[in-house]
Amino acid sequence: MKKLYWRPRGISRSVLVLIAIISLLGLAAVELLGTRKKQPYFVEKFQAAQIALEGMEMIKADRQARGASFDPDLDPAQSGLIGEAMSSITTVTGKLAAKQTSINPNFAAVILDMLTQAGVKSGDTVAIGFSGSFPALNICVHAAVRAIEVKPIIISSISASQFGANDPYFPWIDMERVLNEHNKDAFPYRTIAASLGGVDDRALGMSKEGRQMLITATERNQIPLIRPKDFKDSIDQHMATYAQRARTKPIKAYINVGGGTISVGTAVGKRMFESGLNLRKQPGVQYVDSVMARFIEQGVPVIHLSRIEQMALRYGLPLQPTSIPTPGSGSVFYRKEYNFWLAVSMLLTILVSLYAFVRTGAGSRLFQINARSKSDMVHEPMV
C-alpha cells in the first residue's frame, strides 16, 4: 500500500519536469504526424458540392438579373438564397442563423454521405419532400442525387418560413425551374407535385393574396397542386403520389428538408427524429403521423435535414459563413487519423521513463542528486 500512496524524498523536480516534457513531445508528435484520409465516395462528394455551388451561383445571377439586391446583414455571403423577414407567402418564424449556415455547397456531400450510409445506390429511387424554407439545402439535395445518379420523386411545399424562399414572385419552384432551364445535365429533375404548405398544408391563416400567389406559381410552372381536405388527407395524398410514381420500384430512402408539419409531424413529432440519418424505427416509439413517420414505419431510412447548425458542427462545416465556402471542405471529405504505432511507441516511452526515473533512481543519478543514506530515505505523504 505504501507504494501506492507514498513516494521517496529523492525524486527530483527536474526529473518530473523531464517526464512532463517527454509526454508533451510525444503528444505533439502524435498530433502533428497524423494523416488526412480521404473518406469513401470522395470523388462523388466533390462532384456533388461542385454541382451545388453552380446551382447557388445560378440562382444568385438570376435574382441579380431581376434587379434584386441582398441585405448584407441578412445575407452576409451575398448568396441570394436568404429571403425576407416577412412576405405574403411567409408561414412561420425562422432562425436566421440556420438559414445562413445552410449556404454551403458542401452540404451536398453530407447528404450524399447519408444516402450511401442508408444503402442507396445508383439507379435507386428516393422520395423527397422539399420546403421553401431552405432553398440552399434543396439545391444540395438535387446535387447529391445527381452525383450518384439516383432517381428522385419530388414533392415541394411552396410557402416558406422567414428568410427562406419567400419572395412571392420567385418561390422555390421557380428557383428549381431556373436551375433546370440553365443546366439540364446538372439539374435534370423537377418537382412533380406541390402543396401550399403552412397550417394543414393549406396555408391556413395566410392572406388571400398570398395563397393566390402560391397557386399562380404552380400554374406557371405547370405543377399539379395537392389540395387536401385536412392534415391526414395531405399525408395520404403525398404517400399515394410517391407510390404511384415509384410504380413497382422500392423507395430506398426519404429525404425531408426543413420542418414542414406534413413531412415531419407536429412539434411533438419533430422531436422523434434525429437530425440527419434515421436508419430505422426506434423501438417502443409511437410516432406522430407524418410522411416521415409512415416511411420509417415501412422500414425506409429517413434523412431529416433540420437543426442545421448542429449538423454543420458534426461535419466540420462553418456556422454562418460570410462567403460561400469552396467545395471540398469539412470532415465529410477528409478525416484526421492518428498513427497507431507512433501513439503506442510514445506511450511506451513515457511508461519506461516513469519506471526508469522514478522507481529505479536513475533520475537522481542523472541529475547528480546527493545520495542519501537508507535511514534518510524515509517516506513522506503525498499531498
# chains A, B, ... in the order shown; residues from 1 in each chain; ligands from 1
>>> residues_around(residues="Ile148 (chain A)", least_positions_apart="4", cutoff="10 Å", atoms="only C-alpha atoms", output="list of chain:residue names")
A:Tyr41, A:Glu44, A:Lys45, A:Gln47, A:Ala48, A:Leu112, A:Leu115, A:Thr116, A:Val120, A:Lys121, A:Ser122, A:Gly123, A:Asp124, A:Ala143, A:Ala144
>>> write_last_selection(atoms="C-alpha atoms", output="PDB file, in the first residue's frame")
ATOM      1  CA  TYR A  41     -17.098   8.324 -52.219  1.00  0.00           C
ATOM      2  CA  GLU A  44     -18.796  11.741 -55.943  1.00  0.00           C
ATOM      3  CA  LYS A  45     -18.959  14.025 -52.892  1.00  0.00           C
ATOM      4  CA  GLN A  47     -18.788  16.433 -57.706  1.00  0.00           C
ATOM      5  CA  ALA A  48     -21.973  16.954 -55.690  1.00  0.00           C
ATOM      6  CA  LEU A 112     -24.590  12.062 -50.360  1.00  0.00           C
ATOM      7  CA  LEU A 115     -27.561   8.344 -48.786  1.00  0.00           C
ATOM      8  CA  THR A 116     -24.669   5.914 -49.142  1.00  0.00           C
ATOM      9  CA  VAL A 120     -28.791   3.898 -51.638  1.00  0.00           C
ATOM     10  CA  LYS A 121     -27.027   3.105 -54.934  1.00  0.00           C
ATOM     11  CA  SER A 122     -27.028   4.428 -58.467  1.00  0.00           C
ATOM     12  CA  GLY A 123     -30.359   3.785 -60.165  1.00  0.00           C
ATOM     13  CA  ASP A 124     -32.316   3.525 -56.897  1.00  0.00           C
ATOM     14  CA  ALA A 143     -26.759  17.914 -56.469  1.00  0.00           C
ATOM     15  CA  ALA A 144     -26.349  14.829 -54.263  1.00  0.00           C
TER      16      ALA A 144
END
>>> residues_around(residues="Leu305 (chain A)", least_positions_apart="2", cutoff="8 Å", atoms="only C-alpha atoms", output="tab-separated table (two decimals) with N, CA and C atoms, in the first residue's frame")
chain	number	residue	atom	x	y	z
A	255	ILE	N	-35.98	11.81	-48.11
A	255	ILE	CA	-35.23	13.00	-47.69
A	255	ILE	C	-36.21	14.12	-47.39
A	256	ASN	N	-36.17	14.62	-46.18
A	256	ASN	CA	-37.00	15.76	-45.81
A	256	ASN	C	-36.12	16.98	-45.59
A	257	VAL	N	-36.54	18.12	-46.13
A	257	VAL	CA	-35.83	19.39	-45.92
A	257	VAL	C	-36.72	20.32	-45.11
A	258	GLY	N	-36.24	20.76	-43.96
A	258	GLY	CA	-36.99	21.72	-43.16
A	258	GLY	C	-37.93	21.07	-42.17
A	275	SER	N	-31.62	14.67	-36.15
A	275	SER	CA	-31.17	15.47	-37.27
A	275	SER	C	-30.17	14.64	-38.07
A	276	GLY	N	-30.42	14.47	-39.35
A	276	GLY	CA	-29.55	13.65	-40.18
A	276	GLY	C	-30.19	12.33	-40.52
A	303	ILE	N	-33.79	10.69	-44.10
A	303	ILE	CA	-32.77	11.72	-43.92
A	303	ILE	C	-33.49	13.02	-43.58
A	307	ARG	N	-32.23	21.26	-37.83
A	307	ARG	CA	-31.21	21.61	-36.84
A	307	ARG	C	-29.85	21.74	-37.55
A	308	ILE	N	-29.82	22.64	-38.49
A	308	ILE	CA	-28.72	22.75	-39.45
A	308	ILE	C	-27.40	23.12	-38.77
>>> closest_atom_pairs(of="region 209-228 of chain A", to="region 173-195 of chain A", cutoff="6 Å", atoms="only C-alpha atoms", output="JSON lines")
{"residue": "A:Ile223", "atom": "CA", "partner": "A:Ala193", "partner_atom": "CA", "distance": 5.6}
{"residue": "A:Pro224", "atom": "CA", "partner": "A:Ala193", "partner_atom": "CA", "distance": 5.0}
{"residue": "A:Leu225", "atom": "CA", "partner": "A:Ala194", "partner_atom": "CA", "distance": 5.0}
{"residue": "A:Ile226", "atom": "CA", "partner": "A:Ser195", "partner_atom": "CA", "distance": 5.0}
>>> write_last_selection(atoms="C-alpha atoms", output="PDB file, in the first residue's frame")
ATOM      1  CA  ILE A 223     -47.004  21.572 -61.471  1.00  0.00           C
ATOM      2  CA  PRO A 224     -50.095  19.731 -60.146  1.00  0.00           C
ATOM      3  CA  LEU A 225     -51.304  21.183 -56.854  1.00  0.00           C
ATOM      4  CA  ILE A 226     -52.199  18.918 -53.937  1.00  0.00           C
TER       5      ILE A 226
END
>>> select_by_dssp(residues="region 154-355 of chain A", states="alpha helix (DSSP H)", output="ChimeraX atom specification")
/A:172-182,208-220,231-246,261-264,267-270,291-297,308-314,340-354
>>> closest_residue(among="A:Asp289, A:Glu84, A:Glu54, A:Glu309", to="Lys270 (chain A)", atoms="only C-alpha atoms")
A:Asp289
>>> closest_residue(among="A:Ala68, A:Val300, A:Ala136, A:Met272", to="Ala49 (chain A)", atoms="only C-alpha atoms")
A:Ala136
>>> atom_distance(atom1="CA of Ala127 (chain A)", atom2="CA of Ile51 (chain A)")
20.2 Å
>>> atom_distance(atom1="CA of Ser331 (chain A)", atom2="CA of Gln39 (chain A)")
8.3 Å
>>> closest_residue(among="A:Val145, A:Ile59, A:Val199, A:Val126", to="Val92 (chain A)", atoms="only C-alpha atoms")
A:Val199
>>> closest_residue(among="A:Ile89, A:Met292, A:Met239, A:Val352", to="Gly197 (chain A)", atoms="only C-alpha atoms")
A:Ile89
>>> atom_distance(atom1="CA of Leu313 (chain A)", atom2="CA of Cys140 (chain A)")
17.4 Å
